[in-house]
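Visitor: Next comes the structure file run37.cif, holding mmCIF, C-alpha atoms, pLDDT in the B column; chains and numbers go by the auth columns.
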data_model
#
loop_
_atom_site.group_PDB
_atom_site.id
_atom_site.type_symbol
_atom_site.label_atom_id
_atom_site.label_comp_id
_atom_site.label_asym_id
_atom_site.label_seq_id
_atom_site.Cartn_x
_atom_site.Cartn_y
_atom_site.Cartn_z
_atom_site.B_iso_or_equiv
_atom_site.auth_seq_id
_atom_site.auth_asym_id
ATOM 1 C CA ASP A 1 41.335 86.342 107.297 63.00 1 A
ATOM 2 C CA GLY A 2 37.914 86.370 105.684 72.00 2 A
ATOM 3 C CA GLY A 3 35.766 83.326 106.075 94.00 3 A
ATOM 4 C CA ILE A 4 32.756 81.610 107.549 97.00 4 A
ATOM 5 C CA THR A 5 32.602 80.657 111.204 97.00 5 A
ATOM 6 C CA GLN A 6 30.210 78.040 112.459 98.00 6 A
ATOM 7 C CA SER A 7 29.643 77.354 116.128 97.00 7 A
ATOM 8 C CA PRO A 8 29.541 75.236 118.086 97.00 8 A
ATOM 9 C CA LYS A 9 31.554 72.459 116.457 97.00 9 A
ATOM 10 C CA TYR A 10 29.598 69.800 118.370 96.00 10 A
ATOM 11 C CA LEU A 11 26.066 70.132 119.729 95.00 11 A
ATOM 12 C CA PHE A 12 23.796 67.771 121.613 92.00 12 A
ATOM 13 C CA ARG A 13 20.042 68.050 121.666 89.00 13 A
ATOM 14 C CA LYS A 14 17.634 66.634 124.176 89.00 14 A
ATOM 15 C CA GLU A 15 14.178 65.410 123.238 84.00 15 A
ATOM 16 C CA GLY A 16 11.741 68.277 122.743 87.00 16 A
ATOM 17 C CA GLN A 17 14.468 70.889 122.691 91.00 17 A
ATOM 18 C CA ASN A 18 15.135 73.533 120.068 94.00 18 A
ATOM 19 C CA VAL A 19 18.782 74.267 119.324 95.00 19 A
ATOM 20 C CA THR A 20 20.359 77.057 117.295 97.00 20 A
ATOM 21 C CA LEU A 21 23.441 76.726 115.103 98.00 21 A
ATOM 22 C CA SER A 22 25.419 79.872 114.484 98.00 22 A
ATOM 23 C CA CYS A 23 26.866 80.953 111.124 98.00 23 A
ATOM 24 C CA GLU A 24 28.789 84.199 110.688 98.00 24 A
ATOM 25 C CA GLN A 25 30.663 85.430 107.605 97.00 25 A
ATOM 26 C CA ASN A 26 32.957 88.390 107.052 96.00 26 A
ATOM 27 C CA LEU A 27 33.256 87.945 103.290 96.00 27 A
ATOM 28 C CA ASN A 28 30.629 90.616 102.571 95.00 28 A
ATOM 29 C CA HIS A 29 28.625 88.008 100.654 95.00 29 A
ATOM 30 C CA ASP A 30 24.950 88.613 99.952 94.00 30 A
ATOM 31 C CA ALA A 31 23.856 84.964 99.785 94.00 31 A
ATOM 32 C CA MET A 32 23.999 82.377 102.543 96.00 32 A
ATOM 33 C CA TYR A 33 22.951 78.729 102.674 96.00 33 A
ATOM 34 C CA TRP A 34 22.365 75.906 105.126 98.00 34 A
ATOM 35 C CA TYR A 35 22.989 72.308 104.114 97.00 35 A
ATOM 36 C CA ARG A 36 22.559 69.022 105.882 97.00 36 A
ATOM 37 C CA GLN A 37 25.012 66.167 105.242 97.00 37 A
ATOM 38 C CA ASP A 38 24.264 62.588 106.261 94.00 38 A
ATOM 39 C CA PRO A 39 26.867 59.785 106.055 87.00 39 A
ATOM 40 C CA GLY A 40 27.429 58.576 102.517 78.00 40 A
ATOM 41 C CA GLN A 41 25.161 61.225 101.050 80.00 41 A
ATOM 42 C CA GLY A 42 25.644 64.506 99.338 86.00 42 A
ATOM 43 C CA LEU A 43 24.562 67.849 100.697 93.00 43 A
ATOM 44 C CA ARG A 44 20.878 68.674 100.897 94.00 44 A
ATOM 45 C CA LEU A 45 19.705 72.271 100.974 95.00 45 A
ATOM 46 C CA ILE A 46 17.679 73.313 104.024 97.00 46 A
ATOM 47 C CA TYR A 47 17.266 77.085 103.570 96.00 47 A
ATOM 48 C CA TYR A 48 18.947 79.848 101.636 95.00 48 A
ATOM 49 C CA SER A 49 18.945 83.611 101.743 95.00 49 A
ATOM 50 C CA GLN A 50 19.956 85.896 98.891 92.00 50 A
ATOM 51 C CA ILE A 51 19.528 89.152 100.777 93.00 51 A
ATOM 52 C CA VAL A 52 18.986 90.457 104.284 95.00 52 A
ATOM 53 C CA ASN A 53 15.468 89.916 105.662 95.00 53 A
ATOM 54 C CA ASP A 54 14.619 87.404 102.956 95.00 54 A
ATOM 55 C CA PHE A 55 15.023 83.623 102.804 95.00 55 A
ATOM 56 C CA GLN A 56 13.566 80.641 100.956 94.00 56 A
ATOM 57 C CA LYS A 57 12.987 77.016 101.812 95.00 57 A
ATOM 58 C CA GLY A 58 15.225 74.398 100.283 93.00 58 A
ATOM 59 C CA ASP A 59 14.486 70.724 99.793 91.00 59 A
ATOM 60 C CA ILE A 60 14.274 69.689 103.452 95.00 60 A
ATOM 61 C CA ALA A 61 13.070 72.762 105.386 96.00 61 A
ATOM 62 C CA GLU A 62 10.533 70.958 107.581 96.00 62 A
ATOM 63 C CA GLY A 63 11.556 71.073 111.253 96.00 63 A
ATOM 64 C CA TYR A 64 14.034 73.919 110.688 97.00 64 A
ATOM 65 C CA SER A 65 13.816 77.712 110.847 98.00 65 A
ATOM 66 C CA VAL A 66 16.187 80.553 109.968 98.00 66 A
ATOM 67 C CA SER A 67 16.506 84.308 110.196 98.00 67 A
ATOM 68 C CA ARG A 68 18.575 86.835 108.271 98.00 68 A
ATOM 69 C CA GLU A 69 18.510 90.054 110.230 97.00 69 A
ATOM 70 C CA LYS A 70 22.105 90.962 109.399 97.00 70 A
ATOM 71 C CA LYS A 71 24.151 90.398 106.279 97.00 71 A
ATOM 72 C CA GLU A 72 26.850 88.647 108.289 97.00 72 A
ATOM 73 C CA SER A 73 24.660 86.215 110.183 98.00 73 A
ATOM 74 C CA PHE A 74 22.349 83.343 109.206 98.00 74 A
ATOM 75 C CA PRO A 75 21.461 81.228 112.260 98.00 75 A
ATOM 76 C CA LEU A 76 19.649 77.905 111.871 98.00 76 A
ATOM 77 C CA THR A 77 17.250 76.611 114.517 97.00 77 A
ATOM 78 C CA VAL A 78 16.597 72.890 114.638 96.00 78 A
ATOM 79 C CA THR A 79 13.183 72.563 116.230 94.00 79 A
ATOM 80 C CA SER A 80 11.657 69.669 118.136 90.00 80 A
ATOM 81 C CA ALA A 81 9.563 68.991 115.031 89.00 81 A
ATOM 82 C CA GLN A 82 12.708 67.683 113.294 90.00 82 A
ATOM 83 C CA LYS A 83 12.540 64.059 114.362 87.00 83 A
ATOM 84 C CA ASN A 84 15.861 62.947 112.924 91.00 84 A
ATOM 85 C CA PRO A 85 18.245 65.871 113.461 93.00 85 A
ATOM 86 C CA THR A 86 21.466 63.891 113.860 95.00 86 A
ATOM 87 C CA ALA A 87 23.668 65.080 111.005 96.00 87 A
ATOM 88 C CA PHE A 88 26.542 67.335 109.979 97.00 88 A
ATOM 89 C CA TYR A 89 25.296 70.865 109.227 98.00 89 A
ATOM 90 C CA LEU A 90 27.192 73.103 106.837 98.00 90 A
ATOM 91 C CA CYS A 91 26.752 76.811 106.270 98.00 91 A
ATOM 92 C CA ALA A 92 27.943 78.424 103.049 97.00 92 A
ATOM 93 C CA SER A 93 27.950 81.797 101.353 96.00 93 A
ATOM 94 C CA SER A 94 28.419 83.196 97.871 94.00 94 A
ATOM 95 C CA ILE A 95 28.857 86.694 96.501 92.00 95 A
ATOM 96 C CA GLN A 96 25.412 87.231 95.036 85.00 96 A
ATOM 97 C CA GLY A 97 23.649 83.890 95.046 81.00 97 A
ATOM 98 C CA GLN A 98 24.352 83.278 91.383 82.00 98 A
ATOM 99 C CA LEU A 99 24.861 79.617 90.605 82.00 99 A
ATOM 100 C CA ASN A 100 27.963 80.329 88.514 84.00 100 A
ATOM 101 C CA GLN A 101 29.775 81.495 91.644 88.00 101 A
ATOM 102 C CA PRO A 102 31.672 79.247 94.048 93.00 102 A
ATOM 103 C CA GLN A 103 30.237 78.710 97.487 95.00 103 A
ATOM 104 C CA HIS A 104 32.451 79.164 100.550 96.00 104 A
ATOM 105 C CA PHE A 105 31.819 76.794 103.431 97.00 105 A
ATOM 106 C CA GLY A 106 32.291 76.845 107.166 98.00 106 A
ATOM 107 C CA ASP A 107 33.688 73.829 109.008 97.00 107 A
ATOM 108 C CA GLY A 108 30.322 72.568 110.114 97.00 108 A
ATOM 109 C CA THR A 109 28.420 71.704 113.280 98.00 109 A
ATOM 110 C CA ARG A 110 27.840 68.078 114.192 97.00 110 A
ATOM 111 C CA LEU A 111 24.493 67.671 115.927 96.00 111 A
ATOM 112 C CA SER A 112 23.628 64.584 117.931 94.00 112 A
ATOM 113 C CA ILE A 113 20.693 63.466 120.054 87.00 113 A
ATOM 114 C CA LEU A 114 21.197 62.817 123.754 83.00 114 A
ATOM 115 C CA SER B 1 17.207 61.557 93.230 45.00 1 B
ATOM 116 C CA GLN B 2 20.465 63.479 93.134 49.00 2 B
ATOM 117 C CA GLN B 3 21.296 65.372 89.960 62.00 3 B
ATOM 118 C CA GLY B 4 24.957 64.404 90.227 71.00 4 B
ATOM 119 C CA GLU B 5 26.311 60.945 90.902 83.00 5 B
ATOM 120 C CA GLU B 6 30.030 60.341 91.369 87.00 6 B
ATOM 121 C CA ASP B 7 31.855 57.209 90.376 89.00 7 B
ATOM 122 C CA PRO B 8 33.614 55.389 91.929 94.00 8 B
ATOM 123 C CA GLN B 9 32.268 55.736 95.453 93.00 9 B
ATOM 124 C CA ALA B 10 35.741 55.059 96.826 95.00 10 B
ATOM 125 C CA LEU B 11 39.221 55.053 95.306 97.00 11 B
ATOM 126 C CA SER B 12 42.502 53.959 96.869 97.00 12 B
ATOM 127 C CA ILE B 13 45.830 54.739 95.203 97.00 13 B
ATOM 128 C CA GLN B 14 49.520 55.224 95.986 97.00 14 B
ATOM 129 C CA GLU B 15 51.268 58.560 96.124 98.00 15 B
ATOM 130 C CA GLY B 16 52.448 59.662 92.715 98.00 16 B
ATOM 131 C CA GLU B 17 49.630 57.911 90.849 98.00 17 B
ATOM 132 C CA ASN B 18 46.851 59.735 89.056 98.00 18 B
ATOM 133 C CA ALA B 19 43.287 59.703 90.400 97.00 19 B
ATOM 134 C CA THR B 20 40.262 59.981 88.152 97.00 20 B
ATOM 135 C CA MET B 21 36.733 60.400 89.385 97.00 21 B
ATOM 136 C CA ASN B 22 33.596 60.858 87.360 97.00 22 B
ATOM 137 C CA CYS B 23 30.325 62.704 87.750 95.00 23 B
ATOM 138 C CA SER B 24 27.148 62.047 85.802 95.00 24 B
ATOM 139 C CA TYR B 25 24.081 64.238 85.836 92.00 25 B
ATOM 140 C CA LYS B 26 20.587 64.024 84.454 89.00 26 B
ATOM 141 C CA THR B 27 19.415 67.363 83.082 87.00 27 B
ATOM 142 C CA SER B 28 21.002 70.206 81.135 88.00 28 B
ATOM 143 C CA ILE B 29 23.303 72.463 83.089 90.00 29 B
ATOM 144 C CA ASN B 30 24.916 75.884 82.820 90.00 30 B
ATOM 145 C CA ASN B 31 27.916 75.114 85.037 93.00 31 B
ATOM 146 C CA LEU B 32 29.477 72.258 86.957 95.00 32 B
ATOM 147 C CA GLN B 33 31.671 72.684 90.015 96.00 33 B
ATOM 148 C CA TRP B 34 34.001 70.350 91.886 97.00 34 B
ATOM 149 C CA TYR B 35 34.576 70.572 95.637 97.00 35 B
ATOM 150 C CA ARG B 36 36.879 68.786 98.087 98.00 36 B
ATOM 151 C CA GLN B 37 35.963 67.905 101.660 97.00 37 B
ATOM 152 C CA ASN B 38 38.534 66.805 104.214 96.00 38 B
ATOM 153 C CA SER B 39 37.189 64.595 106.987 94.00 39 B
ATOM 154 C CA GLY B 40 35.080 66.561 109.445 93.00 40 B
ATOM 155 C CA ARG B 41 35.569 69.844 107.597 95.00 41 B
ATOM 156 C CA GLY B 42 33.632 72.035 105.208 96.00 42 B
ATOM 157 C CA LEU B 43 33.801 71.874 101.423 97.00 43 B
ATOM 158 C CA VAL B 44 36.439 73.746 99.494 97.00 44 B
ATOM 159 C CA HIS B 45 35.766 74.915 95.954 97.00 45 B
ATOM 160 C CA LEU B 46 38.241 73.499 93.419 98.00 46 B
ATOM 161 C CA ILE B 47 37.120 74.452 89.939 97.00 47 B
ATOM 162 C CA LEU B 48 34.100 75.560 87.896 96.00 48 B
ATOM 163 C CA ILE B 49 33.566 74.566 84.285 97.00 49 B
ATOM 164 C CA ARG B 50 30.912 76.146 82.087 95.00 50 B
ATOM 165 C CA SER B 51 28.698 74.200 79.732 94.00 51 B
ATOM 166 C CA ASN B 52 30.485 75.681 76.686 95.00 52 B
ATOM 167 C CA GLU B 53 33.912 74.539 77.947 97.00 53 B
ATOM 168 C CA ARG B 54 35.312 71.070 77.369 97.00 54 B
ATOM 169 C CA GLU B 55 38.392 71.111 79.564 98.00 55 B
ATOM 170 C CA LYS B 56 39.870 73.202 82.331 98.00 56 B
ATOM 171 C CA HIS B 57 43.105 73.012 84.292 97.00 57 B
ATOM 172 C CA SER B 58 44.134 74.279 87.707 96.00 58 B
ATOM 173 C CA GLY B 59 47.538 73.166 88.967 97.00 59 B
ATOM 174 C CA ARG B 60 47.438 69.346 89.221 98.00 60 B
ATOM 175 C CA LEU B 61 43.698 69.285 88.532 98.00 61 B
ATOM 176 C CA ARG B 62 42.171 68.671 85.131 98.00 62 B
ATOM 177 C CA VAL B 63 38.417 68.752 84.639 98.00 63 B
ATOM 178 C CA THR B 64 36.594 67.687 81.499 98.00 64 B
ATOM 179 C CA LEU B 65 32.961 68.137 80.613 98.00 65 B
ATOM 180 C CA ASP B 66 31.001 66.200 78.009 97.00 66 B
ATOM 181 C CA THR B 67 27.536 67.707 77.784 95.00 67 B
ATOM 182 C CA SER B 68 26.420 65.150 75.182 95.00 68 B
ATOM 183 C CA LYS B 69 27.045 62.377 77.714 96.00 69 B
ATOM 184 C CA LYS B 70 26.040 64.539 80.695 95.00 70 B
ATOM 185 C CA SER B 71 29.255 63.694 82.483 96.00 71 B
ATOM 186 C CA SER B 72 32.378 65.291 83.898 97.00 72 B
ATOM 187 C CA SER B 73 35.650 63.909 85.148 98.00 73 B
ATOM 188 C CA LEU B 74 38.177 65.216 87.657 98.00 74 B
ATOM 189 C CA LEU B 75 41.766 64.094 87.229 98.00 75 B
ATOM 190 C CA ILE B 76 44.323 64.676 89.975 98.00 76 B
ATOM 191 C CA THR B 77 47.828 64.085 88.685 98.00 77 B
ATOM 192 C CA ALA B 78 50.819 63.005 90.772 98.00 78 B
ATOM 193 C CA SER B 79 48.648 62.531 93.844 98.00 79 B
ATOM 194 C CA ARG B 80 49.871 63.243 97.353 97.00 80 B
ATOM 195 C CA ALA B 81 48.766 61.954 100.750 97.00 81 B
ATOM 196 C CA ALA B 82 47.310 65.427 101.364 97.00 82 B
ATOM 197 C CA ASP B 83 44.860 64.821 98.499 98.00 83 B
ATOM 198 C CA THR B 84 43.053 62.272 100.696 98.00 84 B
ATOM 199 C CA ALA B 85 39.498 63.638 100.920 97.00 85 B
ATOM 200 C CA SER B 86 36.014 63.286 99.501 96.00 86 B
ATOM 201 C CA TYR B 87 35.336 64.964 96.183 97.00 87 B
ATOM 202 C CA PHE B 88 31.912 66.218 95.137 96.00 88 B
ATOM 203 C CA CYS B 89 30.507 67.560 91.915 95.00 89 B
ATOM 204 C CA ALA B 90 27.747 70.147 92.024 94.00 90 B
ATOM 205 C CA THR B 91 25.519 71.174 89.153 93.00 91 B
ATOM 206 C CA ASP B 92 23.145 74.043 88.551 88.00 92 B
ATOM 207 C CA ALA B 93 20.453 72.159 86.690 71.00 93 B
ATOM 208 C CA ARG B 94 18.452 74.472 84.464 67.00 94 B
ATOM 209 C CA GLY B 95 15.101 75.172 86.080 64.00 95 B
ATOM 210 C CA PHE B 96 16.467 74.718 89.588 66.00 96 B
ATOM 211 C CA GLN B 97 17.488 77.674 91.752 74.00 97 B
ATOM 212 C CA LYS B 98 20.161 75.819 93.666 84.00 98 B
ATOM 213 C CA LEU B 99 23.305 73.753 93.389 90.00 99 B
ATOM 214 C CA VAL B 100 22.729 70.019 93.492 90.00 100 B
ATOM 215 C CA PHE B 101 25.550 67.985 94.999 92.00 101 B
ATOM 216 C CA GLY B 102 26.415 64.407 94.208 91.00 102 B
ATOM 217 C CA THR B 103 27.163 61.738 96.796 91.00 103 B
ATOM 218 C CA GLY B 104 30.936 62.082 96.458 94.00 104 B
ATOM 219 C CA THR B 105 34.024 59.965 95.796 95.00 105 B
ATOM 220 C CA ARG B 106 36.208 59.109 98.787 96.00 106 B
ATOM 221 C CA LEU B 107 39.858 59.219 97.738 98.00 107 B
ATOM 222 C CA LEU B 108 42.592 57.630 99.848 98.00 108 B
ATOM 223 C CA VAL B 109 46.180 58.316 98.836 98.00 109 B
ATOM 224 C CA SER B 110 48.687 56.126 100.655 97.00 110 B
ATOM 225 C CA PRO B 111 52.328 57.179 101.133 92.00 111 B
#
With the file now loaded, output its structure as structure tokens.
Guide:
Amino acid sequence: DGGITQSPKYLFRKEGQNVTLSCEQNLNHDAMYWYRQDPGQGLRLIYYSQIVNDFQKGDIAEGYSVSREKKESFPLTVTSAQKNPTAFYLCASSIQGQLNQPQHFGDGTRLSIL
Amino acid sequence: SQQGEEDPQALSIQEGENATMNCSYKTSINNLQWYRQNSGRGLVHLILIRSNEREKHSGRLRVTLDTSKKSSSLLITASRAADTASYFCATDARGFQKLVFGTGTRLLVSP
């Protein structure tokens, strides 16, 4: 089955630690996205990538970094500079990054602070 | 602030009843999408309606769009317990290079 796989499902971060969230897709989609979801709020865009080796900042990129070395993979690193990282992180993809295309989502990673 | 705002924030109904949720947005759009999110899961795309369309159907879902009022509604007919989820609208505001999601409506369908 084609889809998006996020891992791990739950992740705990210690103070001063960087952690990396994995996102892999086998849909052959060009565009990939990272969103952050806080309780009672909608999704906020962290970073997006429309093609391999290229990515752009979203609305809340500070304290996060990404890479897009392969079409299938778009890992997100939450750095120690992100002072409030506790949230539900969602990865998504779409065929070509056009906004008239549906986005396909993974099942998320819940990040908490130890 | 968010481009899309859903109303109501929460809705509780019995199985078999219809559920209507609304989305308002602030600037002109090309398309509006509705997504469903089950608790602790990712979003699932339900339907996309273009700015030149007024109504669209998909199974038990009916979406309307009124661009003059900058609003959309999602109607779920003959609801089932499995429809319990949060529902989000997402717009592609002209001038923005991203989808903007609303805060969602939490729907509870009781057996």
Visitor: Excluding region 39-52 of chain A and residues on its chain fewer than 3 positions from it, collect all residues at most 8 Å away from it, counting all atoms listed in the file, and give them as a ChimeraX atom specification.
Guide: /A:30-36,55-61,64,66,68-71,87,96-97 /B:88,100-104
Visitor: Any chance you could work out the residue set of the PyMOL selection byres ((chain A) within 7 of (chain B)) here, as a ChimeraX atom specification?
Guide: /A:40-43,90,99-100,102-108
Visitor: Between CA of Ser39 (chain B) and CA of Ala85 (chain B), what distance in Å does the model show, to one decimal?
Guide: 6.6 Å
Visitor: What is the CA of Glu55 (chain B) to CA of Ala92 (chain A) distance in Å?
Guide: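 Rounded to one decimal, the two atoms are 26.7 Å apart.
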Visitor: Just say which residues the PyMOL selection byres ((chain B and resi 61-69) around 10) picks in this file, as a count of residues only.
Guide: 41
Visitor: CA of Ser112 (chain A) to CA of Glu72 (chain A): how many Å, to one decimal?
Guide: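 For CA of Ser112 (chain A) relative to CA of Glu72 (chain A), the distance reads 26.1 Å.
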Visitor: Under the rule that only C-alpha atoms are counted, which of A:Val19, A:Ile95, A:Ile4, A:Leu111 is the nearest residue to Gln37 (chain A)?
Guide: A:Leu111
Visitor: Could you state which residues are captured by the PyMOL selection byres ((chain A and resi 75) around 6) in this file, as a VMD selection string?
Guide: chain A and resid 21 to 23 66 74 76
Visitor: Using only C-alpha atoms, find the one residue out of A:Thr109, A:Ser73, A:Gln25, A:Gln17 that sits nearest to Tyr89 (chain A).
Guide: A:Thr109
